[in-house]
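So this one's protein.pdb, PDB, C-alpha atoms and all ligand atoms:
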```pdb
ATOM      1  CA  MET A   1     124.243  87.542 123.330  1.00  0.00           C
ATOM      2  CA  ASN A   2     121.087  86.888 125.338  1.00  0.00           C
ATOM      3  CA  GLN A   3     118.839  86.672 122.265  1.00  0.00           C
ATOM      4  CA  ALA A   4     117.932  83.802 119.940  1.00  0.00           C
ATOM      5  CA  SER A   5     120.611  83.972 117.258  1.00  0.00           C
ATOM      6  CA  ASN A   6     118.254  84.384 114.291  1.00  0.00           C
ATOM      7  CA  ALA A   7     115.903  86.915 115.879  1.00  0.00           C
ATOM      8  CA  PRO A   8     116.013  90.353 114.195  1.00  0.00           C
ATOM      9  CA  LEU A   9     117.567  93.073 116.340  1.00  0.00           C
ATOM     10  CA  TYR A  10     115.174  95.674 114.941  1.00  0.00           C
ATOM     11  CA  ALA A  11     111.435  96.059 114.448  1.00  0.00           C
ATOM     12  CA  THR A  12     110.263  95.598 110.872  1.00  0.00           C
ATOM     13  CA  HIS A  13     107.624  97.911 109.404  1.00  0.00           C
ATOM     14  CA  PRO A  14     105.446  97.836 106.296  1.00  0.00           C
ATOM     15  CA  THR A  15     107.011  99.086 103.080  1.00  0.00           C
ATOM     16  CA  SER A  16     104.136  98.948 100.605  1.00  0.00           C
ATOM     17  CA  PRO A  17     100.362  99.520 100.581  1.00  0.00           C
ATOM     18  CA  SER A  18      99.782  95.779 100.568  1.00  0.00           C
ATOM     19  CA  ASP A  19     101.775  95.261 103.738  1.00  0.00           C
ATOM     20  CA  GLU A  20      99.879  94.682 106.921  1.00  0.00           C
ATOM     21  CA  GLN A  21     100.707  95.359 110.524  1.00  0.00           C
ATOM     22  CA  HIS A  22     100.084  92.557 112.921  1.00  0.00           C
ATOM     23  CA  ASP A  23      98.863  94.347 116.004  1.00  0.00           C
ATOM     24  CA  ALA A  24      99.722  93.036 119.409  1.00  0.00           C
ATOM     25  CA  VAL A  25      96.717  91.520 121.152  1.00  0.00           C
ATOM     26  CA  SER A  26      96.128  91.491 124.889  1.00  0.00           C
ATOM     27  CA  ASN A  27      95.888  87.979 126.198  1.00  0.00           C
ATOM     28  CA  THR A  28      94.461  87.803 129.657  1.00  0.00           C
ATOM     29  CA  ASP A  29      93.162  84.329 130.559  1.00  0.00           C
ATOM     30  CA  SER A  30      89.573  85.184 129.572  1.00  0.00           C
ATOM     31  CA  ASP A  31      90.434  86.702 126.162  1.00  0.00           C
ATOM     32  CA  LEU A  32      90.269  84.865 122.877  1.00  0.00           C
ATOM     33  CA  LEU A  33      93.441  85.206 120.868  1.00  0.00           C
ATOM     34  CA  VAL A  34      92.389  86.942 117.658  1.00  0.00           C
ATOM     35  CA  LYS A  35      94.939  88.240 115.199  1.00  0.00           C
ATOM     36  CA  GLU A  36      93.934  91.734 114.134  1.00  0.00           C
ATOM     37  CA  ARG A  37      95.114  92.974 110.757  1.00  0.00           C
ATOM     38  CA  THR A  38      95.109  96.705 110.088  1.00  0.00           C
ATOM     39  CA  ARG A  39      95.861  98.050 106.609  1.00  0.00           C
ATOM     40  CA  VAL A  40      98.395 100.863 106.659  1.00  0.00           C
ATOM     41  CA  GLU A  41      98.316 103.606 104.038  1.00  0.00           C
ATOM     42  CA  PRO A  42     101.656 104.776 102.648  1.00  0.00           C
ATOM     43  CA  PRO A  43     102.466 108.367 103.735  1.00  0.00           C
ATOM     44  CA  SER A  44     101.228 111.171 101.459  1.00  0.00           C
ATOM     45  CA  LEU A  45     103.943 112.817  99.422  1.00  0.00           C
ATOM     46  CA  TYR A  46     104.486 116.529  98.907  1.00  0.00           C
ATOM     47  CA  LYS A  47     106.040 118.289  95.918  1.00  0.00           C
ATOM     48  CA  VAL A  48     108.719 120.851  96.727  1.00  0.00           C
ATOM     49  CA  ILE A  49     108.215 123.559  94.100  1.00  0.00           C
ATOM     50  CA  LEU A  50     110.533 126.393  93.058  1.00  0.00           C
ATOM     51  CA  LEU A  51     109.040 129.617  91.723  1.00  0.00           C
ATOM     52  CA  ASN A  52     110.708 131.784  89.121  1.00  0.00           C
ATOM     53  CA  ASP A  53     111.728 135.392  89.748  1.00  0.00           C
ATOM     54  CA  ASP A  54     113.766 137.927  87.796  1.00  0.00           C
ATOM     55  CA  TYR A  55     116.621 138.390  90.283  1.00  0.00           C
ATOM     56  CA  THR A  56     117.886 135.112  91.764  1.00  0.00           C
ATOM     57  CA  PRO A  57     121.014 134.126  89.791  1.00  0.00           C
ATOM     58  CA  MET A  58     120.726 130.947  87.719  1.00  0.00           C
ATOM     59  CA  GLU A  59     123.908 129.507  89.283  1.00  0.00           C
ATOM     60  CA  PHE A  60     122.433 129.971  92.764  1.00  0.00           C
ATOM     61  CA  VAL A  61     119.337 127.940  91.824  1.00  0.00           C
ATOM     62  CA  VAL A  62     121.529 125.243  90.258  1.00  0.00           C
ATOM     63  CA  GLY A  63     123.582 125.132  93.481  1.00  0.00           C
ATOM     64  CA  ILE A  64     120.413 124.739  95.582  1.00  0.00           C
ATOM     65  CA  LEU A  65     119.223 121.834  93.428  1.00  0.00           C
ATOM     66  CA  GLU A  66     122.607 120.103  93.718  1.00  0.00           C
ATOM     67  CA  SER A  67     123.185 120.659  97.428  1.00  0.00           C
ATOM     68  CA  LEU A  68     119.676 120.295  98.919  1.00  0.00           C
ATOM     69  CA  PHE A  69     117.994 118.013  96.384  1.00  0.00           C
ATOM     70  CA  TYR A  70     121.009 115.880  95.386  1.00  0.00           C
ATOM     71  CA  ARG A  71     120.488 116.514  91.674  1.00  0.00           C
ATOM     72  CA  SER A  72     123.325 115.981  89.196  1.00  0.00           C
ATOM     73  CA  HIS A  73     124.716 119.149  87.570  1.00  0.00           C
ATOM     74  CA  GLN A  74     122.901 118.345  84.296  1.00  0.00           C
ATOM     75  CA  GLU A  75     119.599 117.643  86.071  1.00  0.00           C
ATOM     76  CA  ALA A  76     119.949 120.819  88.137  1.00  0.00           C
ATOM     77  CA  ILE A  77     120.497 122.935  85.013  1.00  0.00           C
ATOM     78  CA  GLN A  78     117.487 121.303  83.347  1.00  0.00           C
ATOM     79  CA  ILE A  79     115.185 121.938  86.351  1.00  0.00           C
ATOM     80  CA  MET A  80     116.447 125.509  86.765  1.00  0.00           C
ATOM     81  CA  PHE A  81     115.709 126.299  83.066  1.00  0.00           C
ATOM     82  CA  HIS A  82     112.313 124.626  83.353  1.00  0.00           C
ATOM     83  CA  VAL A  83     111.440 126.972  86.256  1.00  0.00           C
ATOM     84  CA  HIS A  84     112.961 129.954  84.416  1.00  0.00           C
ATOM     85  CA  ASN A  85     110.853 129.248  81.290  1.00  0.00           C
ATOM     86  CA  LYS A  86     107.592 127.924  82.760  1.00  0.00           C
ATOM     87  CA  GLY A  87     107.425 129.851  86.053  1.00  0.00           C
ATOM     88  CA  VAL A  88     107.399 126.828  88.386  1.00  0.00           C
ATOM     89  CA  GLY A  89     109.123 123.467  88.661  1.00  0.00           C
ATOM     90  CA  ILE A  90     109.401 120.467  90.965  1.00  0.00           C
ATOM     91  CA  CYS A  91     112.630 119.857  92.903  1.00  0.00           C
ATOM     92  CA  GLY A  92     111.474 116.581  94.478  1.00  0.00           C
ATOM     93  CA  LEU A  93     108.727 114.587  96.210  1.00  0.00           C
ATOM     94  CA  TYR A  94     108.978 113.903  99.949  1.00  0.00           C
ATOM     95  CA  PRO A  95     106.948 113.033 103.055  1.00  0.00           C
ATOM     96  CA  HIS A  96     105.435 116.176 104.653  1.00  0.00           C
ATOM     97  CA  GLU A  97     108.082 116.913 107.282  1.00  0.00           C
ATOM     98  CA  VAL A  98     110.983 116.428 104.872  1.00  0.00           C
ATOM     99  CA  ALA A  99     109.286 118.619 102.235  1.00  0.00           C
ATOM    100  CA  GLU A 100     108.705 121.396 104.825  1.00  0.00           C
ATOM    101  CA  THR A 101     112.329 121.223 105.934  1.00  0.00           C
ATOM    102  CA  LYS A 102     113.667 121.364 102.353  1.00  0.00           C
ATOM    103  CA  ALA A 103     111.468 124.383 101.510  1.00  0.00           C
ATOM    104  CA  THR A 104     112.578 126.162 104.707  1.00  0.00           C
ATOM    105  CA  GLN A 105     116.231 125.443 103.871  1.00  0.00           C
ATOM    106  CA  VAL A 106     115.809 126.835 100.335  1.00  0.00           C
ATOM    107  CA  MET A 107     114.209 130.062 101.632  1.00  0.00           C
ATOM    108  CA  SER A 108     116.741 130.444 104.421  1.00  0.00           C
ATOM    109  CA  LEU A 109     119.756 130.023 102.085  1.00  0.00           C
ATOM    110  CA  ALA A 110     118.160 132.403  99.582  1.00  0.00           C
ATOM    111  CA  ARG A 111     117.571 135.122 102.215  1.00  0.00           C
ATOM    112  CA  LYS A 112     121.073 134.751 103.635  1.00  0.00           C
ATOM    113  CA  ASN A 113     122.319 135.477 100.126  1.00  0.00           C
ATOM    114  CA  GLU A 114     119.771 138.281  99.625  1.00  0.00           C
ATOM    115  CA  HIS A 115     117.894 136.542  96.786  1.00  0.00           C
ATOM    116  CA  PRO A 116     114.067 136.654  96.523  1.00  0.00           C
ATOM    117  CA  LEU A 117     113.755 132.949  95.538  1.00  0.00           C
ATOM    118  CA  GLN A 118     110.447 131.409  96.670  1.00  0.00           C
ATOM    119  CA  CYS A 119     109.814 127.752  97.406  1.00  0.00           C
ATOM    120  CA  VAL A 120     106.473 126.159  98.329  1.00  0.00           C
ATOM    121  CA  ILE A 121     105.177 122.662  98.998  1.00  0.00           C
ATOM    122  CA  GLU A 122     102.017 121.090  97.581  1.00  0.00           C
ATOM    123  CA  LYS A 123     100.322 117.804  98.411  1.00  0.00           C
ATOM    124  CA  GLU A 124     100.663 115.259  95.630  1.00  0.00           C
ATOM    125  CA  ALA A 125      97.317 114.017  94.288  1.00  0.00           C
ATOM    126  CA  SER A 126      96.869 110.491  95.660  1.00  0.00           C
TER     127      SER A 126
HETATM  128  N1  LIG A 201     114.855 133.819  86.272  1.00  0.00           N
HETATM  129  C1  LIG A 201     116.120 133.871  86.977  1.00  0.00           C
HETATM  130  C2  LIG A 201     117.121 134.639  86.185  1.00  0.00           C
HETATM  131  O1  LIG A 201     116.916 134.917  85.002  1.00  0.00           O
HETATM  132  C3  LIG A 201     116.651 132.462  87.257  1.00  0.00           C
HETATM  133  C4  LIG A 201     115.769 131.668  88.176  1.00  0.00           C
HETATM  134  C5  LIG A 201     115.490 130.339  87.876  1.00  0.00           C
HETATM  135  C6  LIG A 201     115.251 132.224  89.338  1.00  0.00           C
HETATM  136  C7  LIG A 201     114.703 129.580  88.716  1.00  0.00           C
HETATM  137  C8  LIG A 201     114.451 131.474  90.187  1.00  0.00           C
HETATM  138  O2  LIG A 201     113.426 129.385  90.717  1.00  0.00           O
HETATM  139  C9  LIG A 201     114.197 130.145  89.883  1.00  0.00           C
HETATM  140  N2  LIG A 201     118.257 135.006  86.799  1.00  0.00           N
END
```
For this file, produce the structure as structure tokens.
Ligand code: TYC
Amino acid sequence: MNQASNAPLYATHPTSPSDEQHDAVSNTDSDLLVKERTRVEPPSLYKVILLNDDYTPMEFVVGILESLFYRSHQEAIQIMFHVHNKGVGICGLYPHEVAETKATQVMSLARKNEHPLQCVIEKEAS
């Protein structure tokens, strides 16, 4: 191994709002070496929301919640009934790209099975 034995093999990145990134600083001979500290905001989260309809079978919605949102069977049944009774319900909270992908997967699986199930995403208040 041509690396100091205790050096990490990967780059670390901030994990909480209080974390700071230590930006690299150019250091030509004439520059002062000043450590810049830039605060990094955590990524915004988006709710993936299921909408109720009169035709999508309950078991199909439960299956979606188990397979795409990794909910337990009991949780999936609870969320499905919440949507059935209240009209809308949250499947999960994710960064934007993940939320978009989940919603697209829900709609795609629903259409393949000829169900009118609708799924939208909404930015979480921050
Ligand atoms: N209301 C549907 C029915 O009675 C079940 C359902 C639940 C549909 C949740 C959509 O997001 C949904 N078969």
Proximity check chain A to ligand LIG 201 (chain A), 12 Å, nearest pairs one decimal Å, all atoms listed in the file, as JSON lines:
```
{"residue": "A:Val48", "atom": "CA", "partner": "A:LIG201", "partner_atom": "O2", "distance": 11.5}
{"residue": "A:Ile49", "atom": "CA", "partner": "A:LIG201", "partner_atom": "O2", "distance": 8.5}
{"residue": "A:Leu50", "atom": "CA", "partner": "A:LIG201", "partner_atom": "O2", "distance": 4.8}
{"residue": "A:Leu51", "atom": "CA", "partner": "A:LIG201", "partner_atom": "O2", "distance": 4.5}
{"residue": "A:Asn52", "atom": "CA", "partner": "A:LIG201", "partner_atom": "C8", "distance": 3.9}
{"residue": "A:Asp53", "atom": "CA", "partner": "A:LIG201", "partner_atom": "C6", "distance": 4.8}
{"residue": "A:Asp54", "atom": "CA", "partner": "A:LIG201", "partner_atom": "N1", "distance": 4.5}
{"residue": "A:Tyr55", "atom": "CA", "partner": "A:LIG201", "partner_atom": "N2", "distance": 5.1}
{"residue": "A:Thr56", "atom": "CA", "partner": "A:LIG201", "partner_atom": "C6", "distance": 4.6}
{"residue": "A:Pro57", "atom": "CA", "partner": "A:LIG201", "partner_atom": "N2", "distance": 4.2}
{"residue": "A:Met58", "atom": "CA", "partner": "A:LIG201", "partner_atom": "C3", "distance": 4.4}
{"residue": "A:Glu59", "atom": "CA", "partner": "A:LIG201", "partner_atom": "C3", "distance": 8.1}
{"residue": "A:Phe60", "atom": "CA", "partner": "A:LIG201", "partner_atom": "C4", "distance": 8.3}
{"residue": "A:Val61", "atom": "CA", "partner": "A:LIG201", "partner_atom": "C7", "distance": 5.8}
{"residue": "A:Val62", "atom": "CA", "partner": "A:LIG201", "partner_atom": "C7", "distance": 8.2}
{"residue": "A:Gly63", "atom": "CA", "partner": "A:LIG201", "partner_atom": "C7", "distance": 11.0}
{"residue": "A:Ile64", "atom": "CA", "partner": "A:LIG201", "partner_atom": "O2", "distance": 9.7}
{"residue": "A:Leu65", "atom": "CA", "partner": "A:LIG201", "partner_atom": "O2", "distance": 9.9}
{"residue": "A:Ala76", "atom": "CA", "partner": "A:LIG201", "partner_atom": "C7", "distance": 10.2}
{"residue": "A:Ile77", "atom": "CA", "partner": "A:LIG201", "partner_atom": "C5", "distance": 9.4}
{"residue": "A:Gln78", "atom": "CA", "partner": "A:LIG201", "partner_atom": "C7", "distance": 10.3}
{"residue": "A:Ile79", "atom": "CA", "partner": "A:LIG201", "partner_atom": "C7", "distance": 8.0}
{"residue": "A:Met80", "atom": "CA", "partner": "A:LIG201", "partner_atom": "C7", "distance": 4.8}
{"residue": "A:Phe81", "atom": "CA", "partner": "A:LIG201", "partner_atom": "C5", "distance": 6.3}
{"residue": "A:His82", "atom": "CA", "partner": "A:LIG201", "partner_atom": "C7", "distance": 7.7}
{"residue": "A:Val83", "atom": "CA", "partner": "A:LIG201", "partner_atom": "C7", "distance": 4.8}
{"residue": "A:His84", "atom": "CA", "partner": "A:LIG201", "partner_atom": "C5", "distance": 4.3}
{"residue": "A:Asn85", "atom": "CA", "partner": "A:LIG201", "partner_atom": "N1", "distance": 7.9}
{"residue": "A:Lys86", "atom": "CA", "partner": "A:LIG201", "partner_atom": "C7", "distance": 9.4}
{"residue": "A:Gly87", "atom": "CA", "partner": "A:LIG201", "partner_atom": "O2", "distance": 7.6}
{"residue": "A:Val88", "atom": "CA", "partner": "A:LIG201", "partner_atom": "O2", "distance": 6.9}
{"residue": "A:Gly89", "atom": "CA", "partner": "A:LIG201", "partner_atom": "O2", "distance": 7.6}
{"residue": "A:Ile90", "atom": "CA", "partner": "A:LIG201", "partner_atom": "O2", "distance": 9.8}
{"residue": "A:Cys91", "atom": "CA", "partner": "A:LIG201", "partner_atom": "O2", "distance": 9.8}
{"residue": "A:Val106", "atom": "CA", "partner": "A:LIG201", "partner_atom": "O2", "distance": 10.2}
{"residue": "A:Met107", "atom": "CA", "partner": "A:LIG201", "partner_atom": "O2", "distance": 11.0}
{"residue": "A:Ala110", "atom": "CA", "partner": "A:LIG201", "partner_atom": "C8", "distance": 10.1}
{"residue": "A:His115", "atom": "CA", "partner": "A:LIG201", "partner_atom": "C8", "distance": 9.0}
{"residue": "A:Pro116", "atom": "CA", "partner": "A:LIG201", "partner_atom": "C8", "distance": 8.2}
{"residue": "A:Leu117", "atom": "CA", "partner": "A:LIG201", "partner_atom": "C8", "distance": 5.6}
{"residue": "A:Gln118", "atom": "CA", "partner": "A:LIG201", "partner_atom": "O2", "distance": 7.0}
{"residue": "A:Cys119", "atom": "CA", "partner": "A:LIG201", "partner_atom": "O2", "distance": 7.8}
{"residue": "A:Val120", "atom": "CA", "partner": "A:LIG201", "partner_atom": "O2", "distance": 10.8}
```
Dump as an mmCIF file, in the coordinates of the input, selection limited to C-alpha atoms:
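Heads up, here's the output in again.cif:
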```
data_model
loop_
_atom_site.group_PDB
_atom_site.id
_atom_site.type_symbol
_atom_site.label_atom_id
_atom_site.label_comp_id
_atom_site.auth_asym_id
_atom_site.auth_seq_id
_atom_site.Cartn_x
_atom_site.Cartn_y
_atom_site.Cartn_z
ATOM 1 C CA VAL A 48 108.719 120.851 96.727
ATOM 2 C CA ILE A 49 108.215 123.559 94.100
ATOM 3 C CA LEU A 50 110.533 126.393 93.058
ATOM 4 C CA LEU A 51 109.040 129.617 91.723
ATOM 5 C CA ASN A 52 110.708 131.784 89.121
ATOM 6 C CA ASP A 53 111.728 135.392 89.748
ATOM 7 C CA ASP A 54 113.766 137.927 87.796
ATOM 8 C CA TYR A 55 116.621 138.390 90.283
ATOM 9 C CA THR A 56 117.886 135.112 91.764
ATOM 10 C CA PRO A 57 121.014 134.126 89.791
ATOM 11 C CA MET A 58 120.726 130.947 87.719
ATOM 12 C CA GLU A 59 123.908 129.507 89.283
ATOM 13 C CA PHE A 60 122.433 129.971 92.764
ATOM 14 C CA VAL A 61 119.337 127.940 91.824
ATOM 15 C CA VAL A 62 121.529 125.243 90.258
ATOM 16 C CA GLY A 63 123.582 125.132 93.481
ATOM 17 C CA ILE A 64 120.413 124.739 95.582
ATOM 18 C CA LEU A 65 119.223 121.834 93.428
ATOM 19 C CA ALA A 76 119.949 120.819 88.137
ATOM 20 C CA ILE A 77 120.497 122.935 85.013
ATOM 21 C CA GLN A 78 117.487 121.303 83.347
ATOM 22 C CA ILE A 79 115.185 121.938 86.351
ATOM 23 C CA MET A 80 116.447 125.509 86.765
ATOM 24 C CA PHE A 81 115.709 126.299 83.066
ATOM 25 C CA HIS A 82 112.313 124.626 83.353
ATOM 26 C CA VAL A 83 111.440 126.972 86.256
ATOM 27 C CA HIS A 84 112.961 129.954 84.416
ATOM 28 C CA ASN A 85 110.853 129.248 81.290
ATOM 29 C CA LYS A 86 107.592 127.924 82.760
ATOM 30 C CA GLY A 87 107.425 129.851 86.053
ATOM 31 C CA VAL A 88 107.399 126.828 88.386
ATOM 32 C CA GLY A 89 109.123 123.467 88.661
ATOM 33 C CA ILE A 90 109.401 120.467 90.965
ATOM 34 C CA CYS A 91 112.630 119.857 92.903
ATOM 35 C CA VAL A 106 115.809 126.835 100.335
ATOM 36 C CA MET A 107 114.209 130.062 101.632
ATOM 37 C CA ALA A 110 118.160 132.403 99.582
ATOM 38 C CA HIS A 115 117.894 136.542 96.786
ATOM 39 C CA PRO A 116 114.067 136.654 96.523
ATOM 40 C CA LEU A 117 113.755 132.949 95.538
ATOM 41 C CA GLN A 118 110.447 131.409 96.670
ATOM 42 C CA CYS A 119 109.814 127.752 97.406
ATOM 43 C CA VAL A 120 106.473 126.159 98.329
#
```
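Using all atoms listed in the file, the shortest contact distance between Gly92 (chain A) and any of A:Lys123, A:His73, A:Lys47, A:Lys112 is found at A:Lys47.
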* Å distance separating CA of Glu66 (chain A) from CA of Lys102 (chain A), one decimal place -> 12.5 Å
* Asked: Tyr94 (chain A): which residues within 7 Å, counting only C-alpha atoms, same-chain residues fewer than 3 positions away excluded, as a VMD selection string?
  -> chain A and resid 45 to 47 98 to 99
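We find CA of Pro43 (chain A) and CA of Arg71 (chain A) to be spaced 23.2 Å apart.
Take CA of Phe69 (chain A) and CA of Glu124 (chain A): the distance between them is 17.6 Å.
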Exercise on region 104-114 of chain A, axis-aligned box with 6 Å per side, report centre and edge lengths in Å to one decimal, as AutoDock Vina command-line options:
```
--center_x 117.4 --center_y 131.9 --center_z 102.1 --size_x 21.7 --size_y 24.8 --size_z 17.1
```
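Here the question is which of A:Gln105, A:Leu93, A:Glu100, A:Asn113 gets nearest to Ser44 (chain A) using all atoms listed in the file, and that residue is A:Leu93.
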